[in-house]
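Visitor: One structure, as structure tokens, below. Some questions next.
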4 protein chains.
Amino acid sequence: MSEMKWKTGITKVQPNEIRLRGYRVDELMGKISFSQAIFLALTGELPDAKVGRLLDAILVASVDHGPGSPSALTARTSASTGAPANAAVAAGILSINRFHGAAISSCMQVVAEVVEQTSDEHPVSDAAAEVVTEYLESGRRLPGLGHRIHTEDPRTRRLFMLAEELGLADAGVEALLALQIAMAAEGKELPINVDGAVGAVLFDLGLPIELGNDFFIMARVPGLFAQVHEEFDRERPMRRIHPTDFTYDGPENRSLAD
Amino acid sequence: MSEMKWKTGITKVQPNEIRLRGYRVDELMGKISFSQAIFLALTGELPDAKVGRLLDAILVASVDHGPGSPSALTARTSASTGAPANAAVAAGILSINRFHGAAISSCMQVVAEVVEQTSDEHPVSDAAAEVVTEYLESGRRLPGLGHRIHTEDPRTRRLFMLAEELGLADAGVEALLALQIAMAAEGKELPINVDGAVGAVLFDLGLPIELGNDFFIMARVPGLFAQVHEEFDRERPMRRIHPTDFTYDGPENRSLAD
Amino acid sequence: MSEMKWKTGITKVQPNEIRLRGYRVDELMGKISFSQAIFLALTGELPDAKVGRLLDAILVASVDHGPGSPSALTARTSASTGAPANAAVAAGILSINRFHGAAISSCMQVVAEVVEQTSDEHPVSDAAAEVVTEYLESGRRLPGLGHRIHTEDPRTRRLFMLAEELGLADAGVEALLALQIAMAAEGKELPINVDGAVGAVLFDLGLPIELGNDFFIMARVPGLFAQVHEEFDRERPMRRIHPTDFTYDGPENRSLAD
Amino acid sequence: MSEMKWKTGITKVQPNEIRLRGYRVDELMGKISFSQAIFLALTGELPDAKVGRLLDAILVASVDHGPGSPSALTARTSASTGAPANAAVAAGILSINRFHGAAISSCMQVVAEVVEQTSDEHPVSDAAAEVVTEYLESGRRLPGLGHRIHTEDPRTRRLFMLAEELGLADAGVEALLALQIAMAAEGKELPINVDGAVGAVLFDLGLPIELGNDFFIMARVPGLFAQVHEEFDRERPMRRIHPTDFTYDGPENRSLAD
């Protein structure tokens with residue numbers, strides 16, 4: 001049945017030797033971060049420690065956003081009926097789609113359009129203004145701007161600062177900032193949301209567009225597990241889960257400086 | 001409908017401020033690794049950088065094990081029918097159960113039994129021997145030992161070395177090594193597998209037993225995304241996927257030292 | 001790779017001929033109902049038309065129970081984020097577990113216990129009383145009795161009447177009724193819920209216990225699709241879905257006799 | 001929180017009364033088939049017994065197609081790792097997508113195009129020829145025709161005969177037959193596959209196009225349960241599942257006439 005033979009370029013497993021994209025996994029352990037390993041697995045290339053730090057910040061940014069997000073509600077509802085943790089988390093992932101958690105790739109897409117149309121003769125501000133006009137005229141929502149809760153997303157500012165400090169902010173971040181300015185010029189003052197910021201930075205790290213949303217899901221899986229275990233530990237089965245009427249009773253406000 | 005009010009201790013979201021277990025997420029970004037954030041989200045406590053490094057090694061160890069593992073085959077089969085990436089990965093997670101990827105918690109359990117029965121008067125070697133006898137007599141498989149491919153799992157040795165170096169190996173690692181020796185004394189020379197090693201180390205980090213398997217899933221999600229995207233990129237839809245008849249054609253063997 | 005050869009006894013597919021449990025599918029079409037085909041697929045034996053009618057009633061009974069059930073809420077939340085219908089329904093199925101929709105098999109189990117202990121010398125009333133005592137003493141909830149909304153479940157009465165009419169009610173139905181009486185004798189007057197009634201009837205049809213819950217899921221999948229499509233058609237994406245604050249605005253009360 | 005109040009038109013649940021689309025469920029039980037209840041739940045209208053019989057045939061046609069279909073392989077792989085039956089079936093449903101099991105709606109779409117362009121002055125044969133030309137020129141595959149195993153799908157012939165007998169075949173069936181002829185005139189002699197036949201018949205029953213694929217999934221769920229239970233009953237956990245190297249050892253060929 002030779003037509004069934006197939007090839008893979010990710011992992012090579014032999015007795016007592018496992019190689020990820022060519023590197024022995026046991027050599028990587030202790031030498032690179034989980035974030036670097038994620039990038040290596042997905043793209044085939046090992047990013048340096050600076051990129052690793054930026055990826056860490058990207059993933060830390062999206063670990064959780066409270067139990068009222070649709071993916072958390074889904075995971076908790078499933079957990080509440082007695083699902084094992086993996087099934088509840090899988091259900092949560094099935095609630096990460098176009099309207100929730102999938103703006104990173106579409107933001108990378110619009111950033112790519114602006115970057116493509118930018119040149120020495122055609123500054124980024126012009127390219128961004130044209131893209132904005134196009135979106136407004138066709139009635140589409142520009143991805144990466146606006147948030148239903150935050151008027152200024154603190155994660156965005158921090159991520160851009162960090163990308164700047166590490167010397168990793170490039171045409172993608174510039175394009176997104178230009179898009180925000182061009183929208184404001186049309187009377188729409190909107191914050192850059194975290195999906196937008198993450199998309200712009202991943203674009204500058206050279207990540208293929210279709211992998212953008214994966215980063216949201218990978219970041220959120222630990223948050224979903226935390227939600228599921230809290231449901232198991234604190235709530236009775238089959239309760240009615242109100243989507244907004246909850247309050248926080250966790251650790252008090254604290255700081256790394258404390 | 002006051003009976004619906006409920007409480008959560010994980011994340012507090014207010015306009016322009018998101019706090020994970022009390023810490024502002026934007027403060028955490030750039031200061032802690034994704035691995036530290038995972039531990040914080042799940043347990044409520046921020047581990048120091050040394051623990052973070054060990055967690056990184058644990059998560060790096062399990063990112064991928066090739067396309068022949070059941071979770072990868074499931075994710076690829078789903079992808080092959082045209083599923084979006086999140087659905088294919090969710091399907092993959094539904095193939096991580098008792099017999100694949102869920103040995104970490106059960107290894108933590110047996111390690112906990114040995115540790116509990118160890119005291120000044122009752123050395124760990126005796127406690128381990130008793131637990132081994134109990135398992136053998138009741139015909140149960142001792143979790144954490146043996147692997148269907150590796151006779152000596154390179155990830156185990158590396159993880160134990162690293163835990164030792166960082167001063168984080170404790171009673172859990174000791175108990176698992178004692179179990180291995182006690183099994184060998186019964187004529188069963190088996191390697192400690194990576195799930196076992198991870199379980200012993202997570203036990204020493206104070207992780208609750210029921211969270212152990214989550215670490216396997218969190219580590220493997222990036223690998224599942226890599227498998228799914230490779231399926232999208234390299235294969236035609238609806239192919240028959242042979243579970244073993246594949247060969248590796250990715251990057252040549254290489255080393256961080258190169 | 002001869003060790004991989006394996007066998008299946010469900011369906012035989014050859015060019016231009018598909019046989020389910022030995023019968024040509026095209027012969028079955030038009031001759032048997034979907035319910036009969038379900039029983040055939042699961043058990044290997046084709047039930048007669050009378051059994052088919054009872055199976056129809058069982059499946060009709062559980063098609064939907066409104067949007068507030070956890071599986072419907074899960075499916076709708078997933079749909080609300082933009083999931084395709086199959087993924088939203090899969091998420092809904094992941095919310096059918098021990099505490100929701102999985103009482104059929106456990107009711108079959110307790111019914112089987114009573115039937116087993118019943119004999120000429122030991123009437124069913126005694127066997128039921130002993131099982132009730134056992135459950136009450138060990139603090140377990142007896143499956144099949146009680147409902148959070150209905151004080152007398154109309155589906156139960158109808159199903160038992162129909163089983164009686166068709167001459168298919170047997171020891172299982174008798175055992176469940178005896179359990180209800182034995183509970184009342186202990187001061188616990190509880191209605192037989194639909195899961196219980198279905199379980200008792202499926203027991204009398206000779207269905208293996210481990211297949212009981214499948215009937216709830218198979219019956220509910222059409223209801224989940226209905227919920228998902230209503231969510232797509234009537235609601236905006238990413239709405240907050242209140243678990244109880246909905247009202248019915250569908251067709252007025254009507255009857256087959258109208 | 002009045003903005004959260006919402007409406008549903010499917011099921012009305014009150015204590016001791018459950019109404020599906022206006023009908024008391026206990027009245028429906030014993031009076032209508034599961035197939036009729038499915039149509040009622042999805043469309044809001046109760047089909048008569050003749051339509052019910054055709055729906056039964058449609059659903060019987062797709063219950064199972066052997067363990068080699070991607071959804072069955074996915075469900076079995078998940079089951080093989082120890083998943084509960086509902087999770088394994090959910091995984092199977094996640095493998096029903098564009099390239100497997102989702103041709104019904106797209107067939108209904110192309111049938112609708114032909115029907116729309118047919119009129120007294122413009123016979124169906126012309127309309128079909130134009131649609132075929134359009135598909136061929138744009139390099140798209142015409143849905144509903146061709147099968148990777150069957151050169152003449154026995155389920156198609158039977159379904160069309162039955163629709164004819166029941167007086168329910170109409171413009172949809174006519175359009176699909178015209179499309180087959182128009183393709184043959186272009187040198188492409190292809191059988192109408194079961195998805196195509198089902199789509200044409202559902203079109204004639206007035207089912208909305210977006211509900212077409214649901215019928216494949218609803219029909220296949222019992223088949224997936226059968227596959228999952230056979231995996232539990234006959235195979236050891238974590239086996240390698242070859243996608244084609246299985247043989248049938250179930251009941252011998254038999255007939256309803258036996």
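Every chain in the structure tokens takes a letter, A first, then B, and so on in the order presented; its residues are numbered from 1, and the ligands are numbered from 1 following the presented order.
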Hey, which bits of chain D sit within 10 Å of chain B, and for each residue what's the closest pair of atoms and how far apart in Å (one decimal), counting only C-alpha atoms, rows by chain and increasing number, as a tab-separated table?

Guide:
```
residue	atom	partner	partner_atom	distance
D:Gly68	CA	B:Arg240	CA	8.4
D:Ser69	CA	B:Arg240	CA	9.0
D:Pro70	CA	B:Thr77	CA	6.2
D:Ser71	CA	B:Ser78	CA	7.6
D:Leu73	CA	B:Thr77	CA	7.8
D:Thr74	CA	B:Thr74	CA	5.3
D:Ala75	CA	B:Thr74	CA	8.3
D:Arg76	CA	B:Thr74	CA	9.2
D:Thr77	CA	B:Pro70	CA	6.2
D:Ser78	CA	B:Ser95	CA	4.2
D:Ala79	CA	B:Ser95	CA	7.3
D:Ser80	CA	B:Phe99	CA	7.9
D:Thr81	CA	B:Phe99	CA	4.8
D:Gly82	CA	B:Arg98	CA	5.3
D:Ala83	CA	B:Asn97	CA	5.7
D:Pro84	CA	B:Asn97	CA	8.9
D:Ala87	CA	B:Leu94	CA	6.3
D:Ala88	CA	B:Leu94	CA	6.9
D:Val89	CA	B:Leu94	CA	9.7
D:Ala90	CA	B:Ala91	CA	7.8
D:Ala91	CA	B:Ala91	CA	4.8
D:Gly92	CA	B:Ala91	CA	7.9
D:Ile93	CA	B:Ser78	CA	8.9
D:Leu94	CA	B:Ser78	CA	6.1
D:Ser95	CA	B:Ser78	CA	4.2
D:Ile96	CA	B:Thr81	CA	6.5
D:Asn97	CA	B:Gly82	CA	5.3
D:Arg98	CA	B:Gly82	CA	5.2
D:Phe99	CA	B:Thr81	CA	4.8
D:His100	CA	B:Thr81	CA	5.5
D:Gly101	CA	B:Thr81	CA	8.8
D:Ala102	CA	B:Thr81	CA	9.6
D:Pro237	CA	B:Phe99	CA	6.7
D:Met238	CA	B:Phe99	CA	6.6
D:Arg239	CA	B:Pro70	CA	9.1
D:Arg240	CA	B:Pro243	CA	6.2
D:Ile241	CA	B:Pro243	CA	6.6
D:His242	CA	B:His242	CA	6.1
D:Pro243	CA	B:Arg240	CA	6.1
D:Thr244	CA	B:Arg240	CA	7.7
```

Visitor: Within 12 Å of C:Lys31, counting only C-alpha atoms, which residues show up once you throw out same-chain ones fewer than 3 positions away? Write them as a list in words, please.

Guide: Tyr23, Arg24, Val25, Asp26, Glu27, Leu28, Phe34, Ser35, Gln36, Ala37, Leu46, Asp48, Ala49 and Gly52 of chain C; Arg53, Leu54, Leu55, Asp56, Ala57, Ile58, Val60, Ala61, Arg158, Leu159, Leu162, Ser255, Leu256 and Ala257 of chain D

Visitor: Please save N, CA and C atoms of the selected residues as an mmCIF file, in the first residue's frame.

Guide:
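The resulting out19.cif:
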```cif
data_model
loop_
_atom_site.group_PDB
_atom_site.id
_atom_site.type_symbol
_atom_site.label_atom_id
_atom_site.label_comp_id
_atom_site.auth_asym_id
_atom_site.auth_seq_id
_atom_site.Cartn_x
_atom_site.Cartn_y
_atom_site.Cartn_z
ATOM 1 N N TYR C 23 -27.615 -6.628 6.068
ATOM 2 C CA TYR C 23 -28.709 -6.203 5.169
ATOM 3 C C TYR C 23 -28.230 -5.135 4.172
ATOM 4 N N ARG C 24 -28.670 -5.259 2.925
ATOM 5 C CA ARG C 24 -28.372 -4.207 1.959
ATOM 6 C C ARG C 24 -29.085 -2.927 2.385
ATOM 7 N N VAL C 25 -28.333 -1.827 2.486
ATOM 8 C CA VAL C 25 -28.923 -0.573 2.949
ATOM 9 C C VAL C 25 -30.039 -0.135 2.012
ATOM 10 N N ASP C 26 -29.857 -0.350 0.717
ATOM 11 C CA ASP C 26 -30.917 0.086 -0.200
ATOM 12 C C ASP C 26 -32.171 -0.774 -0.054
ATOM 13 N N GLU C 27 -32.009 -2.003 0.452
ATOM 14 C CA GLU C 27 -33.225 -2.778 0.746
ATOM 15 C C GLU C 27 -33.928 -2.233 1.996
ATOM 16 N N LEU C 28 -33.127 -1.843 2.961
ATOM 17 C CA LEU C 28 -33.710 -1.319 4.214
ATOM 18 C C LEU C 28 -34.460 -0.003 3.988
ATOM 19 N N PHE C 34 -35.922 4.946 10.714
ATOM 20 C CA PHE C 34 -34.613 5.358 11.216
ATOM 21 C C PHE C 34 -34.382 4.728 12.595
ATOM 22 N N SER C 35 -35.404 4.717 13.414
ATOM 23 C CA SER C 35 -35.265 4.141 14.761
ATOM 24 C C SER C 35 -34.868 2.671 14.708
ATOM 25 N N GLN C 36 -35.495 1.935 13.791
ATOM 26 C CA GLN C 36 -35.118 0.522 13.643
ATOM 27 C C GLN C 36 -33.665 0.399 13.170
ATOM 28 N N ALA C 37 -33.280 1.275 12.258
ATOM 29 C CA ALA C 37 -31.900 1.231 11.750
ATOM 30 C C ALA C 37 -30.903 1.546 12.862
ATOM 31 N N LEU C 46 -32.247 -6.553 13.940
ATOM 32 C CA LEU C 46 -33.310 -5.708 13.412
ATOM 33 C C LEU C 46 -34.573 -5.892 14.242
ATOM 34 N N ASP C 48 -38.565 -5.530 15.252
ATOM 35 C CA ASP C 48 -39.772 -5.496 14.427
ATOM 36 C C ASP C 48 -40.448 -4.119 14.510
ATOM 37 N N ALA C 49 -41.528 -3.960 13.776
ATOM 38 C CA ALA C 49 -42.154 -2.638 13.664
ATOM 39 C C ALA C 49 -42.706 -2.148 14.993
ATOM 40 N N GLY C 52 -39.927 -0.832 16.819
ATOM 41 C CA GLY C 52 -39.601 0.415 16.127
ATOM 42 C C GLY C 52 -40.476 1.564 16.603
ATOM 43 N N ARG D 53 -41.879 8.913 5.899
ATOM 44 C CA ARG D 53 -41.275 7.684 5.360
ATOM 45 C C ARG D 53 -40.068 8.003 4.478
ATOM 46 N N LEU D 54 -40.164 9.093 3.716
ATOM 47 C CA LEU D 54 -39.028 9.475 2.880
ATOM 48 C C LEU D 54 -37.849 9.944 3.749
ATOM 49 N N LEU D 55 -38.158 10.683 4.793
ATOM 50 C CA LEU D 55 -37.095 11.108 5.711
ATOM 51 C C LEU D 55 -36.438 9.897 6.370
ATOM 52 N N ASP D 56 -37.237 8.924 6.749
ATOM 53 C CA ASP D 56 -36.671 7.686 7.296
ATOM 54 C C ASP D 56 -35.671 7.071 6.320
ATOM 55 N N ALA D 57 -36.066 7.016 5.053
ATOM 56 C CA ALA D 57 -35.171 6.416 4.048
ATOM 57 C C ALA D 57 -33.878 7.219 3.929
ATOM 58 N N ILE D 58 -34.001 8.540 3.956
ATOM 59 C CA ILE D 58 -32.815 9.416 3.871
ATOM 60 C C ILE D 58 -31.872 9.137 5.036
ATOM 61 N N VAL D 60 -31.851 6.447 7.096
ATOM 62 C CA VAL D 60 -31.354 5.074 7.059
ATOM 63 C C VAL D 60 -30.172 4.960 6.087
ATOM 64 N N ALA D 61 -30.256 5.702 4.982
ATOM 65 C CA ALA D 61 -29.215 5.621 3.939
ATOM 66 C C ALA D 61 -27.824 5.954 4.459
ATOM 67 N N ARG D 158 -32.573 3.801 -5.063
ATOM 68 C CA ARG D 158 -33.659 3.460 -4.153
ATOM 69 C C ARG D 158 -34.370 4.719 -3.657
ATOM 70 N N LEU D 159 -33.599 5.748 -3.324
ATOM 71 C CA LEU D 159 -34.203 6.969 -2.791
ATOM 72 C C LEU D 159 -35.067 7.649 -3.847
ATOM 73 N N LEU D 162 -38.293 5.711 -4.376
ATOM 74 C CA LEU D 162 -39.204 5.899 -3.258
ATOM 75 C C LEU D 162 -39.868 7.280 -3.326
ATOM 76 N N SER D 255 -31.497 -10.855 4.082
ATOM 77 C CA SER D 255 -32.482 -9.994 3.445
ATOM 78 C C SER D 255 -33.723 -9.924 4.311
ATOM 79 N N LEU D 256 -34.471 -8.831 4.177
ATOM 80 C CA LEU D 256 -35.727 -8.713 4.922
ATOM 81 C C LEU D 256 -36.679 -9.842 4.551
ATOM 82 N N ALA D 257 -36.495 -10.394 3.337
ATOM 83 C CA ALA D 257 -37.377 -11.448 2.863
ATOM 84 C C ALA D 257 -37.047 -12.800 3.496
#
```

Visitor: Enter the distance from atom CA of C:Phe215 to atom CA of C:Val63, in Å, rounded to one decimal.

Guide: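 Answer for the atom CA of C:Phe215 to atom CA of C:Val63 separation: 10.3 Å.
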
Visitor: Per DSSP on the backbone, filter stretch 82-197 of chain D down to the residues in strand (DSSP E or B) and report them as a ChimeraX atom specification.

Guide: /D:97,100-101,145,192

Visitor: Just to be explicit: take each residue in the selection above, keep N, CA and C atoms, and write the result as a CSV table (one decimal), in the first residue's frame.

Guide:
```
chain,number,residue,atom,x,y,z
D,97,ASN,N,-16.8,17.6,7.6
D,97,ASN,CA,-16.6,19.0,7.1
D,97,ASN,C,-16.7,19.0,5.6
D,100,HIS,N,-15.9,15.8,3.7
D,100,HIS,CA,-16.6,14.5,4.1
D,100,HIS,C,-17.9,14.8,4.7
D,101,GLY,N,-19.0,14.5,4.1
D,101,GLY,CA,-20.3,14.5,4.7
D,101,GLY,C,-21.0,15.9,4.6
D,145,LEU,N,-22.2,14.5,-7.7
D,145,LEU,CA,-21.9,13.5,-8.7
D,145,LEU,C,-20.5,12.9,-8.3
D,192,ILE,N,-24.8,9.7,-9.6
D,192,ILE,CA,-25.3,10.6,-8.5
D,192,ILE,C,-25.0,9.9,-7.2
```

Visitor: To test your reading of the structure, identify every residue in stretch 3-250 of chain C that backbone DSSP assigns to alpha helix (DSSP H), and report it as a ChimeraX atom specification.

Guide: /C:25-28,34-43,49-61,70-80,85-93,103-117,124-137,154-165,171-185,194-204,212-234
